[in-house]
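Inspection log for the structure reproduced underneath, given as structure tokens.
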Amino acid sequence: MNFFTGLFHDLPEVTTRDVISPVKKQAGISSVLKKYEKQQVEEVILPLLPEFLRQEFAYMLGFLELTGLPVKLSRAEEAKEGSSDEFSNRIIHKGRIELIDGEIKEEFNTDEMHPIDGGLIKASDVLGTYTEAALSLHHGIRSKNLKSAKNDLNKELRSKSYRGIDFGQLVEQINERLKES
């Protein structure tokens with residue numbers, strides 16, 4: 001499930017283009033884009049899919065209310081007043097979606113539970129954003145916002161290790177390869 005979620009989690013951006021998170025935050029448009037993306041998923045993207053895939057795609061994309069399944073919030077999600085996103089850790093257990101605080105326990109990491117490791121998807125997404133910014137700067141695209149975003153992402157990734165994956169080490173490897181080229 002993580003593979004397909006990672007592959008498709010940006011699908012709603014087909015209607016809005018890819019706006020990297022630091023730019024969305026700086027411009028203050030994150031919530032507006034999220035609302036618009038949800039509307040487009042519901043009205044445009046899901047109807048293009050065969051009926052049997054719609055619920056699964058809504059689940060993978062983090063638009064849980066479009067699945068038709070009841071949702072049990074985690075403590076962290078309750079504190080955020082019930083908002084979830086594509087980066088929430090979640091499973092489907094006994095016919096309802098359960099949002100999970102922290103890592104998904106091994107007992108829930110089975111195909112029958114449809115686990116989505118939102119933390120891993122998020123860390124990988126940040127790494128992808130960092131790579132995009134680093135490549136853009138390497139190839140001569142200059143912007144103080146782009147440089148600032150790259151530096152912020154660099155700091156975030158250097159302190160991130162998730163399920164044995166050292167994202168700081170991956171950043172170092174990207175930077176070394178860019179220096180070589």
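In the structure tokens, chains take the letters A, B, ... in the order shown, each chain's residues start at 1, and ligands count up from 1 in the order shown.
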Members of chain A assigned strand (DSSP E) by DSSP, as a PyMOL selection string: chain A and resi 71-72+89-93+96-100+161-162+165-166
Surrounding residues of range 139-144 of chain A excluding itself and chain neighbours under 6 positions, 12 Å, only C-alpha atoms, as a VMD selection string: chain A and resid 23 132 to 133 150 to 151 178 to 179 181
Write a file of the selected residues as an mmCIF file, in the first residue's frame, keeping N, CA and C atoms.
data_model
loop_
_atom_site.group_PDB
_atom_site.id
_atom_site.type_symbol
_atom_site.label_atom_id
_atom_site.label_comp_id
_atom_site.auth_asym_id
_atom_site.auth_seq_id
_atom_site.Cartn_x
_atom_site.Cartn_y
_atom_site.Cartn_z
ATOM 1 N N VAL A 23 6.844 26.856 -0.436
ATOM 2 C CA VAL A 23 6.241 27.978 -1.165
ATOM 3 C C VAL A 23 4.779 28.136 -0.754
ATOM 4 N N GLU A 132 14.546 18.198 -5.912
ATOM 5 C CA GLU A 132 14.062 19.108 -6.958
ATOM 6 C C GLU A 132 14.678 20.500 -6.790
ATOM 7 N N ALA A 133 14.697 21.004 -5.567
ATOM 8 C CA ALA A 133 15.278 22.327 -5.309
ATOM 9 C C ALA A 133 16.787 22.317 -5.581
ATOM 10 N N LYS A 150 15.520 25.198 0.039
ATOM 11 C CA LYS A 150 16.510 24.113 0.015
ATOM 12 C C LYS A 150 17.235 24.022 1.354
ATOM 13 N N ASN A 151 17.645 25.163 1.902
ATOM 14 C CA ASN A 151 18.343 25.160 3.191
ATOM 15 C C ASN A 151 17.452 24.642 4.313
ATOM 16 N N LEU A 178 25.953 15.934 -6.999
ATOM 17 C CA LEU A 178 25.795 17.194 -7.720
ATOM 18 C C LEU A 178 27.130 17.911 -7.866
ATOM 19 N N LYS A 179 27.998 17.801 -6.857
ATOM 20 C CA LYS A 179 29.323 18.400 -6.946
ATOM 21 C C LYS A 179 30.172 17.734 -8.027
ATOM 22 N N SER A 181 29.097 16.435 -10.803
ATOM 23 C CA SER A 181 28.619 16.665 -12.177
ATOM 24 C C SER A 181 28.833 18.091 -12.647
#
Would you tabulate, counting only C-alpha atoms, all residues of range 1-73 of chain A that have an atom at most 12 Å from an atom of range 93-114 of chain A, showing the closest pair of atoms and their distance in Å to one decimal, sorted by chain then ascending number, as CSV?
residue,atom,partner,partner_atom,distance
A:Met1,CA,A:His114,CA,6.3
A:Asn2,CA,A:His114,CA,8.9
A:Phe3,CA,A:His114,CA,11.6
A:Phe4,CA,A:His114,CA,11.2
A:Thr5,CA,A:His114,CA,10.7
A:Gln55,CA,A:Ile97,CA,11.7
A:Glu56,CA,A:His114,CA,9.5
A:Phe57,CA,A:His114,CA,12.0
A:Ala58,CA,A:Ile97,CA,11.8
A:Tyr59,CA,A:Ile97,CA,8.7
A:Met60,CA,A:His114,CA,9.5
A:Gly62,CA,A:Leu99,CA,10.7
A:Phe63,CA,A:Ile97,CA,11.3
A:Leu64,CA,A:Ile97,CA,7.9
A:Glu65,CA,A:Ile97,CA,10.0
A:Leu66,CA,A:Ile97,CA,11.7
A:Thr67,CA,A:Ile97,CA,9.2
A:Gly68,CA,A:Arg96,CA,9.3
A:Leu69,CA,A:Arg96,CA,5.5
A:Pro70,CA,A:Arg96,CA,5.0
A:Val71,CA,A:Ile97,CA,4.6
A:Lys72,CA,A:Glu98,CA,4.7
A:Leu73,CA,A:Leu99,CA,5.2
Using only C-alpha atoms: which of A:Leu120, A:Ala76, A:Val44, A:Ile20 has the shortest distance to Gly164 in chain A: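 Smallest separation from Gly164 in chain A among the options: A:Leu120.
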Spatial neighbours of Ala149 in chain A, max dist 8 Å, only C-alpha atoms, sep filter under 3 positions, as a PyMOL selection string: chain A and resi 22-23+133+145-146+152-153
Members of range 1-180 of chain A assigned alpha helix (DSSP H) by DSSP, as a count of residues only: 94
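Coordinates place CA of Thr129 in chain A at a distance of 10.8 Å from CA of Leu157 in chain A.
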